[in-house]
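Reading through the structure tokens given below for one structure.
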Amino acid sequence: MKSKKLYALIAAVMLFSMLLAACAPAATEAPAEPTAAPAEPTAAPAATEAPATEEAPMEPKPLWTKELKQAIAAAIDREVIVDRVFEGRNIPAYHMVPEGYPYATEPFLDKYGVRDLEMSKQILTDLGYTTDAPFEFDLWFPPEHYGTTTADVMQVIKEQLEETGLMKVNLKSMNWAEYVDGFVAGQLPFFMLGWFPDFADPENWLSPFASCLQSPDNGVNYCNEEMDALLLAAASSADDAEREALYKQIGELYAEEVPTLPLFWEPEFVTYRDGVEGVKIGAPFEFNYNVLSFTADATPASGSADTIIIGTTDEVNSLDSVDAYATHDWEIIKNTGTPLLKYVPGTSDLVPAAAADFPTVSEDGLTYTFTLRDDLQFADGTPVTAQDYVDHWNRLDSLEGQVSGLIQLYVEDVTAVDELTVAYKLKATFGFFPALAATAPFVVSNINEFPMEEIVQYPAVLDGIGPYKMVSHTPGEQMVLAANELYYGDDKAIIPNVIIKYYADPTTMSNAIEKGEIDVAWRTLGPVEAVRLSELEGMTTETIPAPALRYMVFNHTFMVGGE
């Protein structure tokens, strides 16, 4: 068995923080208008290939060539984006792996500098684009999900790309729920996303976007055998020098191929009213509702100390743990369920959860065996056994939900050794597996709510093994959680009821907490409203010590041409 100190060391990678002071961004024009569906970008210019005829129509082909992606990468100036929109308070990102992580490099800075406009122009010219026939495409973003500054960021990017004189960018926006469905379905050619790590290893900043198996889950649809081989070698190596060399190669190939385009690191904020205690959100970016409480002199928004109201601009995309792959969805799943291991609230310290102890590891490092607690039961009273975890893996493996690639990349098979013992056979020696076992896909599903043959994105209830159970959900309006009387842990919910209110934008949510309509304002508050609320009496605003990356996605299977 590996020692607990090792697991603490693995998780401790995430202790580094990005505590940034926030200030109001510079105002820029935000001309984008919501539209219903993406328009087809221009095909390659006539100068680069024979024109289509009625007898021989142009064959459909992927929009994004390596050269086009490089032209965009060279034209982007992250320093200007950060200065104009955030007054220098965010940090430019020159790789998907954050500075401070082991093996972090800055390959985009090495290849393109801060900006190389002439390189971008030369690439586009060589491709046959001209000022009269520029490369035209749609750039998509969610207008409120990442805060009110998103439209400003998109406007600056549009200006920078069009400064080449050889590109025309059409800004398009869509509400978050439709946006997620759209990029997962492959309907958006080029779009913005944010990323928080699923577990503490450089691997999790790369494979979700650059591996053949995982990248479709994030709308990237990138596949390169050389990249896959490098990623697997780096993730499975136990030698620091070898990992360092491999991640340097990966960075260089990433900047050459540009699966995605990192932009900047941005802080997140949470605001809560006086009288609310227990708000502990650490580097793993988890918000545990069960440790929240009211002081004796608090004035709860609900009028009762038995109920706390939390506001968010997030939306529910899926509450099925074999499908869900969004921060808010994971938050609900982890509050109504429990993975095999979990983090101490507000820290990066892994501790046993549904498992009675840390796993034993086979001599070859390929099999992790967990012994379950003997008092686990779902909130409807159904006992939990090792077979439930096998069934859960089989659902994930067969249904191919949004999150499936995250686990399939590492797990080969799951078996029940006995009624309370479950073994995970891995595809290689992944030392970070204990941190992976603390993610939402390892929250076992209640078969009474989640049948084997289908994904259930919007269940009527959630009767999991966590401190709360979901008793109702009205999409876009509110969700109601109640304490789970059958929860196994000593950390039972202090406040019996949680109401989550969904808001369309940060301004509306911040007004709600100012008026006393909610107790906590969380994700995504944004720097503008966070600064304003921090100056009001009766409020506490905190910056969350977690690296939040904003990046652009090229959909590598987006096709142009054809009938």
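Just so we're on the same page: first chain in the structure tokens is A, next is B, and so on; residues restart at 1 for each chain, and ligands are numbered from 1 in the order they show up.
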Residues within 10 Å of A:Tyr103, please, as a list in words. Count only C-alpha atoms; anything in the same chain fewer than 5 positions from it doesn't count.
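In the requested format, the answer is Val97, Pro98, Asp201, Pro202, Asp240, Ala241, Arg243, Glu244, Ala245, Leu246, Tyr247, Lys248 and Gly251 of chain A.
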Got a sec: who's within 12 Å of A:Glu225, counting only C-alpha atoms, leaving out chain neighbours fewer than 6 positions off, as a list of chain:residue names?
A:Ala210, A:Ser211, A:Cys212, A:Leu213, A:Leu231, A:Leu232, A:Leu253
For all heavy atoms, I'd like the residues from the last selection saved as an mmCIF file, in the first residue's frame.
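So the final result, stored in result_0.cif, reads:
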data_model
loop_
_atom_site.group_PDB
_atom_site.id
_atom_site.type_symbol
_atom_site.label_atom_id
_atom_site.label_comp_id
_atom_site.auth_asym_id
_atom_site.auth_seq_id
_atom_site.Cartn_x
_atom_site.Cartn_y
_atom_site.Cartn_z
ATOM 1 N N ALA A 210 -6.062 17.662 -26.279
ATOM 2 C CA ALA A 210 -5.142 17.222 -27.328
ATOM 3 C C ALA A 210 -5.095 15.725 -27.544
ATOM 4 O O ALA A 210 -4.390 15.265 -28.443
ATOM 5 C CB ALA A 210 -3.727 17.735 -27.019
ATOM 6 N N SER A 211 -5.813 14.943 -26.747
ATOM 7 C CA SER A 211 -5.808 13.497 -26.980
ATOM 8 C C SER A 211 -6.976 13.108 -27.877
ATOM 9 O O SER A 211 -8.041 13.732 -27.854
ATOM 10 C CB SER A 211 -5.905 12.731 -25.660
ATOM 11 O OG SER A 211 -7.220 12.737 -25.151
ATOM 12 N N CYS A 212 -6.787 12.078 -28.673
ATOM 13 C CA CYS A 212 -7.839 11.619 -29.592
ATOM 14 C C CYS A 212 -9.104 11.222 -28.831
ATOM 15 O O CYS A 212 -10.216 11.436 -29.311
ATOM 16 C CB CYS A 212 -7.342 10.434 -30.412
ATOM 17 S SG CYS A 212 -5.966 10.813 -31.526
ATOM 18 N N LEU A 213 -8.935 10.643 -27.639
ATOM 19 C CA LEU A 213 -10.081 10.146 -26.893
ATOM 20 C C LEU A 213 -10.826 11.247 -26.153
ATOM 21 O O LEU A 213 -12.054 11.303 -26.167
ATOM 22 C CB LEU A 213 -9.635 9.071 -25.892
ATOM 23 C CG LEU A 213 -10.746 8.366 -25.109
ATOM 24 C CD1 LEU A 213 -11.720 7.668 -26.044
ATOM 25 C CD2 LEU A 213 -10.143 7.366 -24.128
ATOM 26 N N LEU A 231 1.752 12.195 -24.858
ATOM 27 C CA LEU A 231 0.919 12.394 -23.675
ATOM 28 C C LEU A 231 0.898 11.149 -22.795
ATOM 29 O O LEU A 231 1.003 11.243 -21.561
ATOM 30 C CB LEU A 231 -0.507 12.771 -24.086
ATOM 31 C CG LEU A 231 -0.697 14.174 -24.672
ATOM 32 C CD1 LEU A 231 -2.084 14.314 -25.294
ATOM 33 C CD2 LEU A 231 -0.479 15.244 -23.605
ATOM 34 N N LEU A 232 0.748 9.989 -23.414
ATOM 35 C CA LEU A 232 0.727 8.749 -22.645
ATOM 36 C C LEU A 232 2.068 8.515 -21.956
ATOM 37 O O LEU A 232 2.117 8.150 -20.776
ATOM 38 C CB LEU A 232 0.405 7.569 -23.558
ATOM 39 C CG LEU A 232 0.441 6.176 -22.897
ATOM 40 C CD1 LEU A 232 -0.553 6.098 -21.740
ATOM 41 C CD2 LEU A 232 0.160 5.087 -23.935
ATOM 42 N N LEU A 253 5.099 20.797 -29.694
ATOM 43 C CA LEU A 253 4.147 20.265 -30.672
ATOM 44 C C LEU A 253 2.799 20.963 -30.549
ATOM 45 O O LEU A 253 2.129 21.232 -31.555
ATOM 46 C CB LEU A 253 3.997 18.755 -30.479
ATOM 47 C CG LEU A 253 3.072 18.028 -31.468
ATOM 48 C CD1 LEU A 253 3.559 18.219 -32.910
ATOM 49 C CD2 LEU A 253 2.981 16.535 -31.136
#
What does the distance between atom CA of A:Ala71 and atom CA of A:Ser215 come to in Å, to one decimal place?
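Going from atom CA of A:Ala71 over to atom CA of A:Ser215 covers 21.8 Å.
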Please measure the separation of atom CA of A:Pro107 and atom CA of A:Tyr94, giving the value in Å to one decimal.
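Value for the atom CA of A:Pro107-atom CA of A:Tyr94 distance: 6.5 Å.
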Step one, run DSSP on the backbone; step two, keep only residues of stretch 403-455 of chain A assigned to strand (DSSP E); then write them as a ChimeraX atom specification.
/A:411-418,421-426
Can you pull out the residues contacting stretch 461-465 of chain A? Cut-off 6 Å, using only C-alpha atoms, and skip same-chain residues under 3 positions away; I want them as number ranges by chain.
A: 336-338, 378-380, 469-471
Can you list, as a ChimeraX atom specification, every residue of stretch 187-218 of chain A that DSSP puts in helix (DSSP H, G or I)?
/A:202-205,207-210,215-218
Go ahead and write the residues just picked, N, CA and C atoms, as a JSON list (two decimals), in the first residue's frame.
[["chain", "number", "residue", "atom", "x", "y", "z"],
["A", 202, "PRO", "N", -0.14, 18.04, -14.51],
["A", 202, "PRO", "CA", -0.08, 18.72, -15.81],
["A", 202, "PRO", "C", -0.86, 17.99, -16.90],
["A", 203, "GLU", "N", -0.96, 16.67, -16.78],
["A", 203, "GLU", "CA", -1.71, 15.87, -17.73],
["A", 203, "GLU", "C", -3.12, 16.41, -17.96],
["A", 204, "ASN", "N", -3.76, 16.90, -16.88],
["A", 204, "ASN", "CA", -5.14, 17.32, -16.98],
["A", 204, "ASN", "C", -5.32, 18.69, -17.62],
["A", 205, "TRP", "N", -4.22, 19.36, -17.91],
["A", 205, "TRP", "CA", -4.28, 20.61, -18.67],
["A", 205, "TRP", "C", -4.02, 20.37, -20.16],
["A", 207, "SER", "N", -4.34, 16.59, -22.03],
["A", 207, "SER", "CA", -5.10, 15.52, -22.69],
["A", 207, "SER", "C", -6.56, 15.86, -22.96],
["A", 208, "PRO", "N", -7.24, 16.62, -22.07],
["A", 208, "PRO", "CA", -8.64, 16.95, -22.39],
["A", 208, "PRO", "C", -8.82, 17.69, -23.71],
["A", 209, "PHE", "N", -7.74, 18.30, -24.21],
["A", 209, "PHE", "CA", -7.84, 19.10, -25.43],
["A", 209, "PHE", "C", -7.05, 18.49, -26.60],
["A", 210, "ALA", "N", -6.06, 17.66, -26.28],
["A", 210, "ALA", "CA", -5.14, 17.22, -27.33],
["A", 210, "ALA", "C", -5.10, 15.72, -27.54],
["A", 215, "SER", "N", -10.44, 14.84, -26.45],
["A", 215, "SER", "CA", -10.70, 16.15, -27.05],
["A", 215, "SER", "C", -12.12, 16.32, -27.60],
["A", 216, "PRO", "N", -12.80, 15.26, -28.09],
["A", 216, "PRO", "CA", -14.19, 15.47, -28.53],
["A", 216, "PRO", "C", -15.13, 15.89, -27.39],
["A", 217, "ASP", "N", -14.81, 15.50, -26.14],
["A", 217, "ASP", "CA", -15.65, 15.87, -25.01],
["A", 217, "ASP", "C", -15.68, 17.38, -24.80],
["A", 218, "ASN", "N", -14.63, 18.07, -25.26],
["A", 218, "ASN", "CA", -14.55, 19.52, -25.10],
["A", 218, "ASN", "C", -14.71, 20.27, -26.42]]
